[in-house]
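S.K.: First the structure, then my questions, so here it is.
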Amino acid sequence: MEIPLKEIAKKVGGKIKGEEEIIIKGVAPIKDAVQGEISFIANKKYIPFLKDTKASAVIVSEDVEEAGITLLQTKDPYLAFAKTLSLFAPKHSHPKGISPKSFVSESAHIGKDVSIYPNVYIGERTKVGDRTIIYPGVYIGSDVVIGKDSLIYPNVTIYHGSILGDRVIVHGGVVIGSDGFGFAPTKEGREKIPQIGIVEIGDDVEIGSNTTIDRATMGATKIGKGVKIDNLVQIAHNVVIGENSVIVAQVGIAGSVTVGKNVILAGQVGVAGHIEIGDNVMVGPKSGVAKSIKAGSIVIGSPPIPRTQYIKSALIFAQLPEIKKMVENLSNELEKLKKELKKS
Amino acid sequence: MEIPLKEIAKKVGGKIKGEEEIIIKGVAPIKDAVQGEISFIANKKYIPFLKDTKASAVIVSEDVEEAGITLLQTKDPYLAFAKTLSLFAPKHSHPKGISPKSFVSESAHIGKDVSIYPNVYIGERTKVGDRTIIYPGVYIGSDVVIGKDSLIYPNVTIYHGSILGDRVIVHGGVVIGSDGFGFAPTKEGREKIPQIGIVEIGDDVEIGSNTTIDRATMGATKIGKGVKIDNLVQIAHNVVIGENSVIVAQVGIAGSVTVGKNVILAGQVGVAGHIEIGDNVMVGPKSGVAKSIKAGSIVIGSPPIPRTQYIKSALIFAQLPEIKKMVENLSNELEKLKKELKKS
Amino acid sequence: MEIPLKEIAKKVGGKIKGEEEIIIKGVAPIKDAVQGEISFIANKKYIPFLKDTKASAVIVSEDVEEAGITLLQTKDPYLAFAKTLSLFAPKHSHPKGISPKSFVSESAHIGKDVSIYPNVYIGERTKVGDRTIIYPGVYIGSDVVIGKDSLIYPNVTIYHGSILGDRVIVHGGVVIGSDGFGFAPTKEGREKIPQIGIVEIGDDVEIGSNTTIDRATMGATKIGKGVKIDNLVQIAHNVVIGENSVIVAQVGIAGSVTVGKNVILAGQVGVAGHIEIGDNVMVGPKSGVAKSIKAGSIVIGSPPIPRTQYIKSALIFAQLPEIKKMVENLSNELEKLKKELKKS
């Protein structure tokens, strides 16, 4: 692919500083870029690499003015990089229509220009919006609604009654709408609580590979507009996640938790059931959250505490044996001192 | 759906206190219920909501006597709720027989009234019990046995030789019988230990989405009768889990662990290999279990300690910087005091 | 199956001490073995079991000389056990050729003696090496390369452009090449960073069930030769893992991490983005790794510290309430003492 730098500048809304007539053939990280490629610097700490890069142009922020190399100044270099990358991303073509190797229920309603690959199953009364692509091995139960321009990658399982918005991306192996985990103890064992609710997923949501989202016991498990979920995340029944929140890989959220808007839960965080996490909260990796968290908090740990405090405590953890020793010595010395004073 | 309250009372074994002739149209949580719906209170802390609920009837325990609303008194309101919910759960009908879009080995033995959806694969000599339902995309290897009235949801993978009981529910994307993780180090790398054992799963077991259960190296990985396993759980080779135990989401159990009966492992717990967890043990979320645990223990942490103790220690963790400071100050002051005393 | 002990001795490179003319019918652990079976002792602590085992022969190290039972002495008994087990492992036969129930693109290149089971999808220009076996429900996108003698188990998803070596084993439900998790924040939400890189997997790699390996943003996510990955592991975009490393179940490795050769990451470890883990490092279970680790380190914890130190600190954690109390008492007593001294 060859794209003139001028065209990139126009598409991403930037200003060229240096040679205007360059043709760009690809995008690469600042250290790996070769001649003909464009790179980017979104983090100031990479600025020293500008001197040595072999890139033909570099996307930078507006305050980077001069670097002996052609610059593409933008307000938000990371966003400009994202847009540039999409110019170079290969466009995959998909066979339009329904593969004869798939099964689509007669009562299903399939939109215009939909691609349904082989080995797909689509249940009764299910609706698939225009231009949505359904890869091989996908199962979609009955009474499901999937919006327009969505991408359902291979081997995804979507149980009956689930509702997905427009431009939703669901990666390989995801399971949406499986039964919530609920049992009433009996004398003989455990009686299954039937899970008769559904899952609702808003527009522009992306869900990573092998993530699982359980249906509600009653009502709906809800993933808000623009939420991004990474791989191998567990979202239990009746969880509600607010708009534009980010859930990183291997997070587990227990039943009936409410997560606010613009929240970030870092990797491997666990959230106990029935609590609330306020808007704009950031929870650091591996934290165990057992109580509600106020909006705007930036915390980490089990229980989560402010980040700077956590780092101090975590470092002292390694010194616990010495601290204990010190305390015991102090105790002995004080005792000795007291005895001596008594004598005198 | 419309069910007379009287009929619900009969089915769940309860006593109506209030209007007997009500028709119930659905079930909902106490805060969300509208007129015509039945709700429930299994936890005393929700009793205050009785005043304001719009439900037409509420399932309660026998000691709740009066609430200005029709009550359905029961011995175990949570169990009664479970039973009521199953009255209202939609009954899915399944196409009986084998879809021509599936592959079933000629030597397989398929029971009566089995439903085999499209895109299923069933290997040689495999037996599927009466009325069992096998959803699209399921792979069942050779020499597998699946009991009666079981539900195998889409895209499940069951390796050769696995044995599943009656009324087993396996949710989407589960993998049963993949190779245990064992390698003998060699000069050049690692030699695979062949995994020639199997997986045995008892009656009434439920397994959550994308959970993985490895086959034994030799012998069998065993999941006891009535065990309930949540999503994304890892169960390694030669693990044995006793009857009616509950394994919550994202738990990992390493090789050759023995888990007793009625054990509860909360979310994200990790258990190291070759240890024993006694009957009725409860391990709190995110715990790391490296040593055997005696029957009846209620523990949490890494290593797990009694719950009340853990909570205290976890709160003090945040105070470690101040405690360290205090100890250092004490040490200095004591030193000063000793010097002063020496002088005098 | 019946194999003379002499033949086993020849195949594994060992010396028989005792009865030479035994016929072996199976392999079993030392405690479970019955007459006619061979067992092994790779760990000295199991030597006492030699007295009571019912095995007809036992694989031992060369320094075990006499045990009142036929011994098979070898340099490396664990490796010899692995080799013996593979003599007894059932050989599965696979239907050669392409199932008519599968879809293979006309431009795909399928090697000799390949087995492609039903319900498989293979995309354009994809190459599958000789004797590779592709189980039901597998999706392989376009422009993928899979080497010789590989095993792709059911319901695996391999996205376009992925490259897999020879003798690679991919267990059920694995997803290779899904999009890395990258978004640029905007005023309205988050803009997806297109993921245009690939995944490269070396020879002799084994990947456990439902593990996910994301494609690189640019360039490649690389899994080195001989790496063994357990179940439910998350490997993010642009991660590089060196040869013969071992990644245990439920580990999560964030974006752009470099892991050296022969590294062992134990179960449920989390590794933060953009750091380096040196060769031969061992990280204990559940550790949270936020900073680079020097080659050869054996560490555990969050942050990881040397193992012996960690164990001491973890035990003192439970004593924190008493230690805090002690420090407070000391402080009070010292204060009292100082006051008394002032008076006198």
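Scheme for the structure tokens: letters A, B, ... for chains in order shown; per-chain residue numbers from 1; ligand numbers from 1 in order shown.
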Show which residues sit within 12 Å of Asn43 of chain B, as a PyMOL selection string. Count only C-alpha atoms, and ignore same-chain residues fewer than 6 positions away.
M.R.: chain B and resi 30+49-50+59-61+64+76-78
S.K.: Restrict the selected residues to C-alpha atoms and save them as a JSON list (two decimals), in the first residue's frame.
M.R.:
```json
[["chain", "number", "residue", "atom", "x", "y", "z"],
["B", 30, "ILE", "CA", -38.33, -7.00, 45.18],
["B", 49, "PHE", "CA", -38.46, -3.23, 50.89],
["B", 50, "LEU", "CA", -41.70, -5.11, 51.60],
["B", 59, "ILE", "CA", -42.28, -15.31, 48.99],
["B", 60, "VAL", "CA", -41.02, -15.00, 52.57],
["B", 61, "SER", "CA", -39.86, -17.20, 55.44],
["B", 64, "VAL", "CA", -42.58, -12.95, 58.34],
["B", 76, "ASP", "CA", -36.89, -21.97, 52.64],
["B", 77, "PRO", "CA", -37.81, -18.87, 50.63],
["B", 78, "TYR", "CA", -34.70, -19.05, 48.40]]
```
S.K.: Output the contact residues of chain C with respect to chain A at a cut-off of 6 Å, based on only C-alpha atoms, as a PyMOL selection string.
M.R.: chain C and resi 184+189+193-194+196+313
S.K.: DSSP on the backbone, then: every residue of segment 87-264 of chain C marked strand (DSSP E or B), written as a PDB file with C-alpha atoms, in the first residue's frame.
M.R.:
```
ATOM      1  CA  GLY C  97      -8.122 -36.256   3.469  1.00  0.00           C
ATOM      2  CA  ILE C  98     -10.700 -33.511   3.645  1.00  0.00           C
ATOM      3  CA  PHE C 103     -14.923 -25.951   3.805  1.00  0.00           C
ATOM      4  CA  VAL C 104     -11.410 -25.597   2.386  1.00  0.00           C
ATOM      5  CA  HIS C 109      -2.490 -25.595   0.038  1.00  0.00           C
ATOM      6  CA  ILE C 110      -3.039 -28.826   1.969  1.00  0.00           C
ATOM      7  CA  SER C 115      -6.635 -35.206   8.164  1.00  0.00           C
ATOM      8  CA  ILE C 116      -9.313 -32.548   8.003  1.00  0.00           C
ATOM      9  CA  TYR C 121     -13.049 -23.935   7.770  1.00  0.00           C
ATOM     10  CA  ILE C 122      -9.782 -23.146   6.014  1.00  0.00           C
ATOM     11  CA  LYS C 127      -0.952 -23.736   4.003  1.00  0.00           C
ATOM     12  CA  VAL C 128      -1.264 -26.874   6.111  1.00  0.00           C
ATOM     13  CA  ILE C 133      -4.514 -33.227  11.910  1.00  0.00           C
ATOM     14  CA  ILE C 134      -7.312 -30.669  12.064  1.00  0.00           C
ATOM     15  CA  TYR C 139     -11.448 -22.182  12.008  1.00  0.00           C
ATOM     16  CA  ILE C 140      -8.288 -21.220  10.175  1.00  0.00           C
ATOM     17  CA  VAL C 145       0.778 -21.244   7.741  1.00  0.00           C
ATOM     18  CA  ILE C 146       0.695 -24.439   9.835  1.00  0.00           C
ATOM     19  CA  LEU C 151      -2.388 -31.291  16.000  1.00  0.00           C
ATOM     20  CA  ILE C 152      -5.146 -28.700  16.006  1.00  0.00           C
ATOM     21  CA  THR C 157      -9.808 -20.368  16.147  1.00  0.00           C
ATOM     22  CA  ILE C 158      -6.746 -19.224  14.207  1.00  0.00           C
ATOM     23  CA  ILE C 163       2.233 -18.754  11.475  1.00  0.00           C
ATOM     24  CA  LEU C 164       2.583 -22.067  13.347  1.00  0.00           C
ATOM     25  CA  ILE C 169      -0.189 -28.989  19.551  1.00  0.00           C
ATOM     26  CA  VAL C 170      -3.122 -26.609  20.016  1.00  0.00           C
ATOM     27  CA  VAL C 175      -7.846 -18.529  20.051  1.00  0.00           C
ATOM     28  CA  ILE C 176      -4.737 -17.410  18.177  1.00  0.00           C
ATOM     29  CA  GLY C 177      -4.434 -14.044  16.495  1.00  0.00           C
ATOM     30  CA  SER C 178      -7.401 -12.121  17.873  1.00  0.00           C
ATOM     31  CA  PHE C 183      -7.756   1.998  22.076  1.00  0.00           C
ATOM     32  CA  ALA C 184      -7.012   5.711  21.797  1.00  0.00           C
ATOM     33  CA  PRO C 185      -9.275   7.808  24.056  1.00  0.00           C
ATOM     34  CA  ARG C 190     -12.398   5.153  22.423  1.00  0.00           C
ATOM     35  CA  GLU C 191     -10.999   4.722  18.910  1.00  0.00           C
ATOM     36  CA  LYS C 192      -9.850   1.211  18.098  1.00  0.00           C
ATOM     37  CA  ILE C 198       0.467 -11.351  13.338  1.00  0.00           C
ATOM     38  CA  VAL C 199       1.222 -14.257  15.703  1.00  0.00           C
ATOM     39  CA  GLU C 200       4.251 -16.517  15.162  1.00  0.00           C
ATOM     40  CA  ILE C 201       4.482 -19.840  16.979  1.00  0.00           C
ATOM     41  CA  GLU C 206       1.998 -26.888  23.023  1.00  0.00           C
ATOM     42  CA  ILE C 207      -0.906 -24.587  23.881  1.00  0.00           C
ATOM     43  CA  THR C 212      -5.774 -16.778  24.012  1.00  0.00           C
ATOM     44  CA  ILE C 213      -2.855 -15.274  22.098  1.00  0.00           C
ATOM     45  CA  ASP C 214      -3.432 -11.856  20.546  1.00  0.00           C
ATOM     46  CA  ALA C 220       4.482 -10.110  15.596  1.00  0.00           C
ATOM     47  CA  THR C 221       3.549 -11.710  18.902  1.00  0.00           C
ATOM     48  CA  LYS C 222       6.163 -14.500  19.143  1.00  0.00           C
ATOM     49  CA  ILE C 223       6.054 -17.820  20.978  1.00  0.00           C
ATOM     50  CA  LYS C 228       4.666 -25.035  26.733  1.00  0.00           C
ATOM     51  CA  ILE C 229       1.555 -23.053  27.615  1.00  0.00           C
ATOM     52  CA  GLN C 234      -3.728 -14.761  28.227  1.00  0.00           C
ATOM     53  CA  ILE C 235      -0.888 -13.554  26.009  1.00  0.00           C
ATOM     54  CA  VAL C 240       7.729 -12.336  22.918  1.00  0.00           C
ATOM     55  CA  ILE C 241       8.375 -15.620  24.765  1.00  0.00           C
ATOM     56  CA  VAL C 246       6.735 -22.808  30.577  1.00  0.00           C
ATOM     57  CA  ILE C 247       3.605 -20.746  31.208  1.00  0.00           C
ATOM     58  CA  GLY C 252      -1.779 -13.230  32.059  1.00  0.00           C
ATOM     59  CA  ILE C 253       0.987 -11.427  30.172  1.00  0.00           C
ATOM     60  CA  THR C 258       9.583  -9.945  26.634  1.00  0.00           C
ATOM     61  CA  VAL C 259       9.994 -13.275  28.417  1.00  0.00           C
ATOM     62  CA  ILE C 264       8.753 -20.676  34.353  1.00  0.00           C
TER      63      ILE C 264
END
```
S.K.: Could you give me, as a PyMOL selection string, each residue of segment 5-151 of chain C that DSSP assigns to alpha helix (DSSP H) when run on this structure's backbone?
M.R.: chain C and resi 5-12+77-88
S.K.: For Ala108 of chain C, list every protein, DNA or RNA residue within 7 Å, evaluated using only C-alpha atoms, and leave out those in the same chain fewer than 6 positions away; present the list as JSON, numbers by chain.
M.R.: {"C": [123, 124, 125, 126, 127]}
S.K.: Could you name the residues that touch Glu276 of chain C at 8 Å or less, counting only C-alpha atoms, but leaving out those on the same chain fewer than 2 positions away, as a list of chain:residue names?
M.R.: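 In the requested format, the answer is C:Val257, C:Thr258, C:Val259, C:Gly260, C:His274, C:Gly278, C:Lys291, C:Ser292, C:Ile293.
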S.K.: Between B:Val233, B:Val283, B:Ala254, B:Ile47, single out the one closest to Ala216 of chain B, counting only C-alpha atoms.
M.R.: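 Of B:Val233, B:Val283, B:Ala254, B:Ile47, the one nearest Ala216 of chain B is B:Ala254, counting only C-alpha atoms.
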S.K.: Could you tell me how far atom CA of Gly182 of chain B sits from atom CA of Ala57 of chain C, in Å to one decimal place?
M.R.: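 Pair atom CA of Ala57 of chain C / atom CA of Gly182 of chain B returns 22.4 Å.
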